[in-house]
file input-v7.txt (compact mmCIF, C-alpha atoms)
# COMPACT_ATOMS: atom_id res chain seq x y z
CA MET A 22 120.53 112.73 121.49
CA LEU A 23 116.77 112.86 122.12
CA ALA A 24 114.93 111.87 125.27
CA ILE A 25 111.14 111.41 125.40
CA LYS A 26 110.25 111.26 129.07
CA ASN A 27 107.18 110.48 131.19
CA ALA A 28 105.25 108.79 128.37
CA LYS A 29 103.18 105.67 128.67
CA VAL A 30 105.10 103.49 126.22
CA TYR A 31 103.27 100.87 124.18
CA THR A 32 106.27 98.73 123.32
CA ILE A 33 104.03 96.17 121.51
CA THR A 34 106.40 93.26 122.21
CA ASN A 35 107.09 93.87 125.92
CA GLY A 36 103.88 95.32 127.26
CA ILE A 37 103.18 98.85 128.44
CA GLN A 38 106.03 100.61 130.20
CA THR A 39 106.66 104.04 131.66
CA GLY A 40 109.76 106.16 131.83
CA THR A 41 112.09 107.54 129.20
CA VAL A 42 112.90 106.51 125.66
CA LEU A 43 116.42 107.59 124.79
CA ILE A 44 117.31 107.95 121.10
CA ASP A 45 120.90 108.17 119.94
CA ASP A 46 122.34 110.26 117.12
CA ALA A 47 122.09 107.31 114.72
CA GLY A 48 118.31 107.32 115.13
CA LYS A 49 118.20 104.14 117.21
CA ILE A 50 116.55 103.48 120.56
CA ALA A 51 119.42 103.50 123.03
CA ALA A 52 117.54 102.95 126.29
CA LEU A 53 114.05 102.51 127.68
CA GLY A 54 112.73 102.87 131.22
CA GLU A 55 114.25 104.54 134.25
CA VAL A 56 117.35 105.90 132.56
CA GLU A 57 119.53 108.88 133.21
CA ILE A 58 119.10 111.56 130.57
CA PRO A 59 122.52 112.69 129.29
CA GLN A 60 123.43 116.30 129.72
CA GLY A 61 122.74 118.31 126.59
CA ALA A 62 120.10 115.93 125.24
CA GLN A 63 116.97 117.36 123.67
CA VAL A 64 114.08 116.54 126.01
CA ILE A 65 110.40 116.15 125.21
CA ASP A 66 108.10 115.90 128.23
CA ALA A 67 105.32 113.48 127.21
CA THR A 68 103.43 113.44 130.50
CA GLY A 69 99.91 112.14 129.96
CA LYS A 70 100.66 110.98 126.42
CA ILE A 71 101.19 107.62 124.75
CA LEU A 72 104.25 106.70 122.72
CA MET A 73 103.92 103.97 120.11
CA PRO A 74 106.03 102.60 117.31
CA GLY A 75 105.20 104.11 113.96
CA LEU A 76 102.35 102.26 112.30
CA ILE A 77 102.98 100.11 109.23
CA ASP A 78 100.61 99.17 106.42
CA ALA A 79 101.86 96.06 104.62
CA HIS A 80 99.74 96.69 101.52
CA GLY A 81 99.06 100.04 99.88
CA HIS A 82 99.50 102.18 96.81
CA ALA A 83 100.51 105.60 98.15
CA GLY A 84 102.46 107.64 95.66
CA ILE A 85 101.51 105.53 92.64
CA TYR A 86 97.82 106.44 92.82
CA GLU A 87 97.98 110.15 93.50
CA GLU A 88 95.03 111.67 95.31
CA GLY A 89 92.97 114.24 93.48
CA LEU A 90 94.27 113.23 90.06
CA GLY A 91 92.89 111.14 87.23
CA TRP A 92 94.98 109.28 84.68
CA GLU A 93 97.85 111.73 85.25
CA GLY A 94 98.56 110.23 88.66
CA SER A 95 97.33 106.67 88.11
CA ASP A 96 100.43 104.51 87.72
CA GLY A 97 99.62 101.30 89.56
CA ASN A 98 98.30 99.06 86.76
CA GLU A 99 99.89 98.43 83.36
CA VAL A 100 96.79 97.00 81.69
CA THR A 101 98.46 96.02 78.41
CA ASP A 102 99.89 92.66 79.45
CA PRO A 103 98.59 90.27 82.14
CA ALA A 104 102.13 89.23 83.14
CA THR A 105 104.47 92.10 84.09
CA PRO A 106 106.79 90.86 86.85
CA HIS A 107 109.54 93.24 85.73
CA LEU A 108 107.59 96.37 86.73
CA ARG A 109 108.65 98.10 89.96
CA ALA A 110 106.42 100.28 92.13
CA LEU A 111 109.41 102.36 93.20
CA ASP A 112 109.73 103.70 89.64
CA ALA A 113 106.28 105.31 89.90
CA ILE A 114 106.17 106.76 93.41
CA ASN A 115 105.72 110.51 93.79
CA PRO A 116 107.09 111.31 97.27
CA HIS A 117 105.21 114.61 97.38
CA GLU A 118 101.68 113.40 96.77
CA ASP A 119 99.03 114.12 99.40
CA GLY A 120 98.41 110.53 100.49
CA ILE A 121 101.99 110.15 101.65
CA LYS A 122 101.91 113.46 103.49
CA GLU A 123 98.63 112.61 105.24
CA ALA A 124 99.88 109.21 106.40
CA LEU A 125 101.98 110.84 109.09
CA SER A 126 98.92 112.51 110.61
CA GLY A 127 97.67 109.02 111.48
CA GLY A 128 100.99 107.90 112.92
CA VAL A 129 101.79 105.77 109.87
CA THR A 130 105.52 105.82 109.16
CA ALA A 131 105.91 102.99 106.64
CA MET A 132 104.06 101.18 103.87
CA CYS A 133 104.71 98.44 101.37
CA VAL A 134 103.73 100.11 98.12
CA LEU A 135 102.56 97.50 95.63
CA PRO A 136 101.33 97.57 92.04
CA GLY A 137 97.58 97.15 91.60
CA SER A 138 95.65 93.95 90.94
CA ALA A 139 94.62 94.31 87.28
CA ASN A 140 97.30 91.89 86.09
CA VAL A 141 97.81 88.26 87.00
CA ILE A 142 101.42 89.24 87.71
CA GLY A 143 101.51 92.94 88.47
CA GLY A 144 105.09 93.72 89.48
CA GLN A 145 107.32 94.28 92.47
CA GLY A 146 106.56 96.19 95.65
CA VAL A 147 108.84 98.36 97.75
CA VAL A 148 108.77 99.15 101.48
CA VAL A 149 109.14 102.87 102.12
CA HIS A 150 108.93 105.46 104.83
CA MET A 151 106.12 107.95 104.48
CA TYR A 152 108.57 110.83 104.35
CA GLY A 153 111.35 111.91 102.03
CA ASN A 154 112.21 114.25 99.22
CA THR A 155 113.08 111.40 96.85
CA VAL A 156 112.15 107.74 96.71
CA GLU A 157 115.78 106.88 97.41
CA GLU A 158 115.48 108.64 100.78
CA MET A 159 112.30 106.73 101.59
CA ILE A 160 113.30 103.15 100.80
CA ILE A 161 113.51 100.71 103.71
CA THR A 162 113.83 97.63 101.50
CA GLU A 163 113.21 96.95 97.83
CA GLN A 164 112.12 93.41 98.72
CA GLY A 165 108.42 94.23 98.96
CA GLY A 166 107.35 91.08 97.15
CA LEU A 167 105.86 90.23 93.77
CA LYS A 168 102.21 91.18 93.39
CA ILE A 169 99.94 88.58 91.78
CA ALA A 170 96.14 88.64 91.57
CA PHE A 171 93.23 86.24 91.47
CA GLY A 172 89.49 86.72 91.28
CA GLU A 173 87.46 89.42 89.61
CA ASN A 174 90.04 92.06 88.75
CA PRO A 175 92.22 90.34 86.11
CA LYS A 176 89.25 88.71 84.37
CA ARG A 177 87.32 92.00 84.29
CA VAL A 178 90.24 93.94 82.81
CA TYR A 179 91.21 91.44 80.13
CA SER A 180 87.77 90.13 79.18
CA GLY A 181 87.00 93.76 78.33
CA GLN A 182 89.95 93.68 75.95
CA LYS A 183 88.88 90.24 74.65
CA LYS A 184 92.20 88.83 75.84
CA THR A 185 93.30 86.14 78.26
CA PRO A 186 92.48 85.86 81.10
CA SER A 187 88.71 86.20 81.01
CA THR A 188 88.07 83.39 83.51
CA ARG A 189 89.50 82.19 86.80
CA MET A 190 90.82 79.14 84.96
CA ALA A 191 92.86 81.35 82.66
CA THR A 192 94.18 83.47 85.51
CA ALA A 193 95.66 80.38 87.15
CA ALA A 194 96.95 79.14 83.79
CA VAL A 195 98.71 82.42 82.99
CA LEU A 196 100.49 82.30 86.35
CA ARG A 197 101.50 78.66 85.96
CA GLU A 198 102.67 79.24 82.40
CA ASN A 199 105.00 82.03 83.46
CA LEU A 200 106.34 80.11 86.43
CA VAL A 201 107.15 77.15 84.16
CA LYS A 202 108.92 79.50 81.76
CA ALA A 203 110.93 80.72 84.73
CA GLN A 204 111.81 77.14 85.67
CA ASN A 205 113.13 76.58 82.16
CA TYR A 206 115.06 79.87 82.28
CA LEU A 207 116.59 78.87 85.62
CA ALA A 208 117.64 75.50 84.17
CA LYS A 209 119.44 77.31 81.36
CA LEU A 210 121.17 79.60 83.85
CA GLU A 211 122.37 76.59 85.80
CA LYS A 212 123.74 74.96 82.67
CA ALA A 213 125.50 78.19 81.81
CA GLU A 214 127.44 77.98 85.07
CA VAL A 215 129.25 75.01 83.52
CA ASP A 216 129.11 76.14 79.90
CA PRO A 217 128.76 79.95 79.52
CA ASP A 218 127.93 79.52 75.82
CA LYS A 219 124.59 78.07 76.87
CA ALA A 220 123.56 81.21 78.74
CA PRO A 221 120.08 82.42 77.69
CA GLU A 222 119.48 85.92 76.42
CA ARG A 223 118.74 88.17 79.37
CA ASP A 224 115.01 88.34 80.20
CA LEU A 225 113.92 90.86 82.86
CA LYS A 226 110.59 89.13 83.45
CA MET A 227 112.21 85.75 83.99
CA GLU A 228 114.91 87.17 86.23
CA VAL A 229 112.24 88.30 88.67
CA LEU A 230 110.33 85.02 88.55
CA VAL A 231 113.55 83.07 89.13
CA LYS A 232 113.96 85.00 92.39
CA VAL A 233 110.43 83.94 93.28
CA LEU A 234 111.17 80.28 92.52
CA LYS A 235 114.34 80.41 94.60
CA GLY A 236 112.49 81.90 97.58
CA GLU A 237 114.39 85.16 97.37
CA LEU A 238 111.28 87.21 96.64
CA PRO A 239 107.93 86.52 98.34
CA VAL A 240 104.65 86.48 96.46
CA ARG A 241 101.85 88.82 97.53
CA ALA A 242 98.59 87.25 96.32
CA HIS A 243 95.51 89.45 95.92
CA ALA A 244 92.59 87.13 96.72
CA HIS A 245 89.23 87.91 98.33
CA ARG A 246 87.04 84.84 97.87
CA ALA A 247 87.82 81.55 99.60
CA ASP A 248 88.07 79.65 96.31
CA ASP A 249 90.54 82.19 94.95
CA ILE A 250 92.59 81.95 98.12
CA MET A 251 92.70 78.18 97.74
CA THR A 252 93.91 78.54 94.15
CA ALA A 253 96.70 80.82 95.37
CA LEU A 254 97.69 78.27 98.03
CA ARG A 255 97.52 75.43 95.50
CA ILE A 256 99.89 77.12 93.07
CA ALA A 257 102.20 78.22 95.88
CA LYS A 258 102.48 74.58 96.97
CA GLU A 259 103.11 73.40 93.42
CA PHE A 260 106.03 75.78 92.94
CA ASN A 261 107.18 76.04 96.58
CA LEU A 262 106.54 79.79 96.76
CA LYS A 263 106.72 82.03 99.81
CA ILE A 264 103.25 83.60 99.79
CA SER A 265 100.99 85.91 101.76
CA ILE A 266 97.28 86.38 101.10
CA GLU A 267 96.33 89.99 100.46
CA HIS A 268 92.81 91.11 101.50
CA CYS A 269 91.76 87.56 102.51
CA THR A 270 88.14 88.72 102.78
CA GLU A 271 86.72 85.20 103.10
CA GLY A 272 89.63 83.89 105.13
CA HIS A 273 87.24 83.08 107.97
CA LYS A 274 85.79 80.29 105.79
CA ILE A 275 89.10 78.44 105.40
CA VAL A 276 90.95 79.05 108.66
CA ASP A 277 92.28 75.50 108.94
CA GLU A 278 93.65 75.58 105.39
CA LEU A 279 95.36 78.92 105.96
CA LYS A 280 96.91 77.70 109.18
CA GLU A 281 98.11 74.47 107.59
CA ALA A 282 99.70 76.44 104.75
CA GLY A 283 101.56 78.59 107.28
CA VAL A 284 100.82 81.84 105.47
CA TRP A 285 100.28 85.41 106.64
CA ALA A 286 97.03 87.18 105.85
CA ILE A 287 96.76 90.92 105.24
CA ILE A 288 93.12 91.77 106.00
CA GLY A 289 91.22 94.67 104.50
CA PRO A 290 90.13 97.18 103.53
CA THR A 291 87.08 96.28 105.62
CA MET A 292 85.60 99.75 106.17
CA THR A 293 84.42 99.89 102.54
CA ASN A 294 81.03 99.09 101.06
CA LYS A 295 80.44 95.82 99.23
CA SER A 296 81.47 97.32 95.91
CA LYS A 297 81.80 93.97 94.11
CA VAL A 298 80.57 90.43 94.48
CA GLU A 299 83.74 89.05 96.05
CA LEU A 300 83.35 91.49 98.96
CA ARG A 301 79.85 90.40 99.95
CA ASP A 302 81.06 88.52 103.06
CA ARG A 303 83.57 91.10 104.27
CA SER A 304 83.44 91.59 108.04
CA PHE A 305 85.66 92.78 110.88
CA GLU A 306 84.88 89.48 112.59
CA THR A 307 87.32 87.86 110.14
CA LEU A 308 90.14 89.28 112.29
CA LYS A 309 88.84 87.61 115.44
CA THR A 310 88.23 84.33 113.62
CA LEU A 311 91.75 84.19 112.18
CA TYR A 312 93.25 85.11 115.55
CA GLU A 313 91.35 82.35 117.31
CA GLY A 314 92.32 79.94 114.55
CA GLY A 315 96.03 80.69 114.87
CA VAL A 316 96.48 82.43 111.50
CA PRO A 317 98.87 85.41 111.74
CA PHE A 318 97.64 88.61 110.14
CA ALA A 319 98.00 92.34 109.65
CA ILE A 320 95.44 95.02 108.82
CA THR A 321 95.50 97.09 105.64
CA MET A 322 93.61 100.12 104.35
CA ASP A 323 94.64 99.38 100.75
CA HIS A 324 95.35 103.09 100.37
CA PRO A 325 93.91 105.02 98.54
CA VAL A 326 90.83 102.76 98.68
CA LEU A 327 90.70 104.09 102.24
CA PRO A 328 93.14 106.73 103.50
CA VAL A 329 95.98 105.05 105.34
CA ASN A 330 95.83 107.58 108.19
CA TYR A 331 92.65 105.77 109.32
CA LEU A 332 94.60 102.58 110.01
CA PRO A 333 94.11 102.91 113.80
CA THR A 334 90.35 103.26 113.24
CA ALA A 335 90.27 99.95 111.37
CA ALA A 336 92.19 98.33 114.23
CA ALA A 337 89.66 99.76 116.70
CA MET A 338 86.81 98.30 114.64
CA GLY A 339 88.52 94.93 114.92
CA VAL A 340 88.50 95.28 118.71
CA LYS A 341 84.82 96.18 118.59
CA ALA A 342 84.24 92.92 116.69
CA GLY A 343 85.99 90.87 119.37
CA LEU A 344 89.71 91.02 118.56
CA PRO A 345 91.85 91.55 121.70
CA LYS A 346 93.26 95.07 121.81
CA GLU A 347 96.85 93.83 122.08
CA GLU A 348 96.40 91.84 118.88
CA ALA A 349 94.87 94.80 117.09
CA LEU A 350 97.92 96.90 117.95
CA LYS A 351 100.25 94.14 116.76
CA ALA A 352 98.31 93.99 113.48
CA ILE A 353 99.36 97.54 112.62
CA THR A 354 102.93 97.43 113.98
CA ILE A 355 105.04 94.31 114.56
CA ASN A 356 102.93 91.96 112.41
CA PRO A 357 103.26 93.96 109.17
CA ALA A 358 106.93 94.49 110.00
CA THR A 359 107.33 90.71 110.22
CA ILE A 360 105.49 90.14 106.95
CA LEU A 361 107.83 92.61 105.26
CA GLY A 362 110.98 91.17 106.84
CA ILE A 363 111.88 94.35 108.73
CA GLU A 364 110.89 93.29 112.25
CA ASP A 365 114.52 93.40 113.38
CA ARG A 366 114.48 97.18 112.91
CA TYR A 367 110.86 98.32 113.05
CA GLY A 368 107.43 97.54 114.49
CA SER A 369 108.09 97.78 118.23
CA ILE A 370 109.87 99.95 120.77
CA GLU A 371 112.96 98.00 121.76
CA VAL A 372 116.57 98.91 122.42
CA GLY A 373 118.54 98.70 119.20
CA LYS A 374 115.61 99.25 116.87
CA MET A 375 115.14 102.36 114.76
CA ALA A 376 113.23 105.16 116.45
CA ASP A 377 110.17 105.33 114.20
CA LEU A 378 107.71 106.61 116.76
CA ALA A 379 104.35 108.34 117.12
CA LEU A 380 103.36 110.40 120.15
CA TRP A 381 99.61 110.32 120.79
CA SER A 382 97.42 112.55 122.93
CA GLY A 383 95.59 109.45 124.18
CA ASP A 384 94.72 105.84 123.37
CA PRO A 385 95.64 105.28 119.70
CA LEU A 386 92.47 103.23 119.20
CA ASP A 387 90.25 106.01 120.53
CA VAL A 388 88.92 108.01 117.59
CA GLN A 389 89.26 111.21 119.64
CA SER A 390 93.01 110.76 120.16
CA GLU A 391 95.37 112.72 117.95
CA VAL A 392 98.90 112.18 116.75
CA GLU A 393 100.91 115.08 118.15
CA GLN A 394 104.35 114.27 116.79
CA VAL A 395 105.98 111.65 114.57
CA PHE A 396 109.64 110.62 114.41
CA ILE A 397 111.45 108.64 111.73
CA HIS A 398 114.91 107.45 112.72
CA GLY A 399 114.68 109.83 115.66
CA GLN A 400 114.04 112.89 113.52
CA SER A 401 110.82 114.83 113.92
CA VAL A 402 108.91 114.67 110.62
CA PHE A 403 105.43 115.72 111.72
CA VAL A 404 104.04 118.02 114.39
CA LYS A 405 100.30 118.51 114.81
CA PRO A 406 99.34 121.98 113.57
CA ALA A 407 98.56 124.38 116.39

call {"tool": "encode", "arguments": {"input": "input-v7.txt", "output": "structure tokens"}}
result
Amino acid sequence: MLAIKNAKVYTITNGIQTGTVLIDDAGKIAALGEVEIPQGAQVIDATGKILMPGLIDAHGHAGIYEEGLGWEGSDGNEVTDPATPHLRALDAINPHEDGIKEALSGGVTAMCVLPGSANVIGGQGVVVHMYGNTVEEMIITEQGGLKIAFGENPKRVYSGQKKTPSTRMATAAVLRENLVKAQNYLAKLEKAEVDPDKAPERDLKMEVLVKVLKGELPVRAHAHRADDIMTALRIAKEFNLKISIEHCTEGHKIVDELKEAGVWAIIGPTMTNKSKVELRDRSFETLKTLYEGGVPFAITMDHPVLPVNYLPTAAAMGVKAGLPKEEALKAITINPATILGIEDRYGSIEVGKMADLALWSGDPLDVQSEVEQVFIHGQSVFVKPA
């Protein structure tokens, strides 16, 4: 058993508390507050320090875009077919690449690793811890969602190959076409329940899209510009899809529409330059605008576009732009956990949740503060070098 005592505890969901966080041998938070420390427990005195839940980035590419490598470590985009729902990010993750190792230094304990945005349908994401010798050790849930993409990326990639899609019209059409194919495949599966002889030949692409149609797998829609976001919402409504908007750079222009659709927005990376046209209106004020408009959101670094260990810095920039500090902290903890469907186990410090924790020297949103120690399931996985 582990006891972390005398810390200022940012619980995220129940305010700031002081006292002891007691972690049992199963890696769960057993008690919080003024509790008696069992005899024989390992004790860490955190006087003057801040204890937070491990940070979570709901959208990144750690392990499938390896830092410091070229094509040898670039495994996020299969640019030979605009519709590849059967691809899985977990089959390309290198647990030992530098981006994953460095995540812990920023207090980041989990990420949803997604395929890139070159394809209209890019493949399936996976939610993993930022620590482990194999991917199997890292997996939190394989239900990371199906990546789809709108806007500049698919049309740039495939117009260069003189293939569809080379326009926004074609991007939407490719997505609709594949969803209709999946509807037809599902109809055949349903008929086969009565008459097995009518079962269709197994199709890995369609199997994934059937899960999407049935609401078993959410859709993660890369969309920066407001018109692209509206196209994503339009198609989601047509096919009754569970959808989140990834990047949502111009979300501040369509707050009412986002709220009415009841979707989550994953905002970022906002600390970049305006590297393409669809980023020309990117601003940290988008966070404040969505908050005031009642649209739930999380913050992403889109690692390795920006290193994920700077996630607290992006949250701090949101505060500077007018976002309440409490909301900024939620946007890198409980909010991404909720988007990923793991909020019952992660994202806040509560009794019964897993002890994914980061011990900070000071305010996590102060650029001078450092992560001194990180725990995943109660086990120490990072200690700041002396």

call {"tool": "closest_atom_pairs", "arguments": {"input": "input-v7.txt", "of": "region 318-396 of chain A", "to": "region 230-247 of chain A", "cutoff": "12 Å", "atoms": "only C-alpha atoms", "output": "JSON lines"}}
result
{"residue": "A:Asp323", "atom": "CA", "partner": "A:His243", "partner_atom": "CA", "distance": 11.1}
{"residue": "A:Ile360", "atom": "CA", "partner": "A:Pro239", "partner_atom": "CA", "distance": 9.7}
{"residue": "A:Leu361", "atom": "CA", "partner": "A:Pro239", "partner_atom": "CA", "distance": 9.2}
{"residue": "A:Gly362", "atom": "CA", "partner": "A:Pro239", "partner_atom": "CA", "distance": 10.2}

call {"tool": "closest_residue", "arguments": {"input": "input-v7.txt", "among": "A:Met132, A:Asp112, A:His268, A:Pro106", "to": "Asn199 (chain A)", "atoms": "only C-alpha atoms"}}
result
A:Pro106

call {"tool": "residues_around", "arguments": {"input": "input-v7.txt", "residues": "region 201-207 of chain A", "least_positions_apart": "3", "cutoff": "7 Å", "atoms": "all atoms listed in the file", "output": "PyMOL selection string"}}
result
chain A and resi 197-198+210-211+227+230-231

call {"tool": "residues_around", "arguments": {"input": "input-v7.txt", "residues": "region 27-34 of chain A", "least_positions_apart": "2", "cutoff": "6 Å", "atoms": "all atoms listed in the file", "output": "list in words"}}
result
Gly36, Ile37, Gln38, Thr39, Gly40, Ala67, Thr68, Lys70, Ile71, Leu72, Met73, Ser369 and Ile370 of chain A

call {"tool": "closest_residue", "arguments": {"input": "input-v7.txt", "among": "A:Asp218, A:Glu158, A:Glu163, A:Asp249", "to": "Ala193 (chain A)", "atoms": "only C-alpha atoms"}}
result
A:Asp249

call {"tool": "atom_distance", "arguments": {"input": "input-v7.txt", "atom1": "CA of Asp78 (chain A)", "atom2": "CA of Pro357 (chain A)"}}
result
6.5 Å

call {"tool": "closest_residue", "arguments": {"input": "input-v7.txt", "among": "A:Arg189, A:Ile77, A:Leu167, A:Ile114", "to": "Ala352 (chain A)", "atoms": "all atoms listed in the file"}}
result
A:Ile77

call {"tool": "residues_around", "arguments": {"input": "input-v7.txt", "residues": "region 283-298 of chain A", "least_positions_apart": "6", "cutoff": "6 Å", "atoms": "all atoms listed in the file", "output": "compact mmCIF listing (two decimals) with C-alpha atoms, in the coordinates of the input"}}
result
# COMPACT_ATOMS: atom_id res chain seq x y z
CA SER A 265 100.99 85.91 101.76
CA ILE A 266 97.28 86.38 101.10
CA GLU A 267 96.33 89.99 100.46
CA HIS A 268 92.81 91.11 101.50
CA CYS A 269 91.76 87.56 102.51
CA PRO A 317 98.87 85.41 111.74
CA PHE A 318 97.64 88.61 110.14
CA ALA A 319 98.00 92.34 109.65
CA ILE A 320 95.44 95.02 108.82
CA THR A 321 95.50 97.09 105.64
CA MET A 322 93.61 100.12 104.35
CA ASP A 323 94.64 99.38 100.75

call {"tool": "closest_residue", "arguments": {"input": "input-v7.txt", "among": "A:His82, A:Thr359, A:Thr155, A:Leu308", "to": "Val340 (chain A)", "atoms": "only C-alpha atoms"}}
result
A:Leu308

call {"tool": "closest_residue", "arguments": {"input": "input-v7.txt", "among": "A:Gly54, A:Gly172, A:Gly97, A:Pro333", "to": "Leu135 (chain A)", "atoms": "all atoms listed in the file"}}
result
A:Gly97

call {"tool": "residues_near_point", "arguments": {"input": "input-v7.txt", "point": "(118.2, 105.1, 131.2)", "cutoff": "10 Å", "atoms": "only C-alpha atoms", "output": "NGL selection string"}}
result
:A and (24 or 40-43 or 51-59)

call {"tool": "closest_residue", "arguments": {"input": "input-v7.txt", "among": "A:Ala213, A:Ala376, A:Ala79, A:Ala104", "to": "Ala139 (chain A)", "atoms": "all atoms listed in the file"}}
result
A:Ala104

call {"tool": "residues_near_point", "arguments": {"input": "input-v7.txt", "point": "(98.5, 120.9, 114.4)", "cutoff": "10 Å", "atoms": "only C-alpha atoms", "output": "ChimeraX atom specification"}}
result
/A:126,391-394,403-407

call {"tool": "residues_around", "arguments": {"input": "input-v7.txt", "residues": "Asp277 (chain A)", "least_positions_apart": "6", "cutoff": "10 Å", "atoms": "all atoms listed in the file", "output": "number ranges by chain"}}
result
A: 283, 311, 314-316

call {"tool": "atom_distance", "arguments": {"input": "input-v7.txt", "atom1": "CA of Leu254 (chain A)", "atom2": "CA of Glu281 (chain A)"}}
result
10.3 Å

call {"tool": "atom_distance", "arguments": {"input": "input-v7.txt", "atom1": "CA of Val149 (chain A)", "atom2": "CA of Ile161 (chain A)"}}
result
5.1 Å

call {"tool": "residues_around", "arguments": {"input": "input-v7.txt", "residues": "His117 (chain A)", "least_positions_apart": "3", "cutoff": "8 Å", "atoms": "all atoms listed in the file", "output": "VMD selection string"}}
result
chain A and resid 84 121 to 122 154

call {"tool": "decode", "arguments": {"input": "input-v7.txt", "residues": "region 350-356 of chain A", "atoms": "all heavy atoms", "output": "PDB file, in the first residue's frame"}}
result
ATOM      1  N   LEU A 350      -8.130  22.859 -16.374  1.00  0.00           N
ATOM      2  CA  LEU A 350      -7.666  21.613 -15.767  1.00  0.00           C
ATOM      3  C   LEU A 350      -8.577  20.442 -16.156  1.00  0.00           C
ATOM      4  O   LEU A 350      -8.094  19.332 -16.424  1.00  0.00           O
ATOM      5  CB  LEU A 350      -7.597  21.761 -14.246  1.00  0.00           C
ATOM      6  CG  LEU A 350      -6.528  22.718 -13.719  1.00  0.00           C
ATOM      7  CD1 LEU A 350      -6.673  22.932 -12.218  1.00  0.00           C
ATOM      8  CD2 LEU A 350      -5.120  22.205 -14.027  1.00  0.00           C
ATOM      9  N   LYS A 351      -9.870  20.684 -16.207  1.00  0.00           N
ATOM     10  CA  LYS A 351     -10.792  19.632 -16.647  1.00  0.00           C
ATOM     11  C   LYS A 351     -10.512  19.235 -18.098  1.00  0.00           C
ATOM     12  O   LYS A 351     -10.652  18.058 -18.466  1.00  0.00           O
ATOM     13  CB  LYS A 351     -12.242  20.114 -16.530  1.00  0.00           C
ATOM     14  CG  LYS A 351     -12.765  20.243 -15.108  1.00  0.00           C
ATOM     15  CD  LYS A 351     -14.192  20.761 -15.108  1.00  0.00           C
ATOM     16  CE  LYS A 351     -14.733  20.943 -13.704  1.00  0.00           C
ATOM     17  NZ  LYS A 351     -16.112  21.502 -13.713  1.00  0.00           N
ATOM     18  N   ALA A 352     -10.089  20.192 -18.910  1.00  0.00           N
ATOM     19  CA  ALA A 352      -9.885  19.949 -20.339  1.00  0.00           C
ATOM     20  C   ALA A 352      -8.689  19.055 -20.631  1.00  0.00           C
ATOM     21  O   ALA A 352      -8.516  18.599 -21.762  1.00  0.00           O
ATOM     22  CB  ALA A 352      -9.727  21.281 -21.079  1.00  0.00           C
ATOM     23  N   ILE A 353      -7.878  18.793 -19.615  1.00  0.00           N
ATOM     24  CA  ILE A 353      -6.724  17.900 -19.799  1.00  0.00           C
ATOM     25  C   ILE A 353      -6.774  16.707 -18.843  1.00  0.00           C
ATOM     26  O   ILE A 353      -5.800  15.969 -18.722  1.00  0.00           O
ATOM     27  CB  ILE A 353      -5.388  18.659 -19.654  1.00  0.00           C
ATOM     28  CG1 ILE A 353      -5.290  19.397 -18.316  1.00  0.00           C
ATOM     29  CG2 ILE A 353      -5.204  19.649 -20.797  1.00  0.00           C
ATOM     30  CD1 ILE A 353      -3.954  20.110 -18.074  1.00  0.00           C
ATOM     31  N   THR A 354      -7.942  16.512 -18.203  1.00  0.00           N
ATOM     32  CA  THR A 354      -8.094  15.387 -17.266  1.00  0.00           C
ATOM     33  C   THR A 354      -9.446  14.694 -17.450  1.00  0.00           C
ATOM     34  O   THR A 354      -9.572  13.767 -18.252  1.00  0.00           O
ATOM     35  CB  THR A 354      -7.932  15.873 -15.810  1.00  0.00           C
ATOM     36  OG1 THR A 354      -8.837  16.976 -15.568  1.00  0.00           O
ATOM     37  CG2 THR A 354      -6.500  16.296 -15.517  1.00  0.00           C
ATOM     38  N   ILE A 355     -10.460  15.150 -16.757  1.00  0.00           N
ATOM     39  CA  ILE A 355     -11.745  14.447 -16.749  1.00  0.00           C
ATOM     40  C   ILE A 355     -12.475  14.583 -18.083  1.00  0.00           C
ATOM     41  O   ILE A 355     -13.185  13.655 -18.505  1.00  0.00           O
ATOM     42  CB  ILE A 355     -12.647  14.932 -15.585  1.00  0.00           C
ATOM     43  CG1 ILE A 355     -13.842  13.995 -15.383  1.00  0.00           C
ATOM     44  CG2 ILE A 355     -13.074  16.374 -15.784  1.00  0.00           C
ATOM     45  CD1 ILE A 355     -13.477  12.582 -14.986  1.00  0.00           C
ATOM     46  N   ASN A 356     -12.325  15.705 -18.775  1.00  0.00           N
ATOM     47  CA  ASN A 356     -13.020  15.859 -20.061  1.00  0.00           C
ATOM     48  C   ASN A 356     -12.521  14.864 -21.113  1.00  0.00           C
ATOM     49  O   ASN A 356     -13.332  14.176 -21.733  1.00  0.00           O
ATOM     50  CB  ASN A 356     -12.911  17.291 -20.567  1.00  0.00           C
ATOM     51  CG  ASN A 356     -13.795  18.252 -19.786  1.00  0.00           C
ATOM     52  OD1 ASN A 356     -14.441  17.868 -18.821  1.00  0.00           O
ATOM     53  ND2 ASN A 356     -13.809  19.506 -20.187  1.00  0.00           N
TER      54      ASN A 356
END
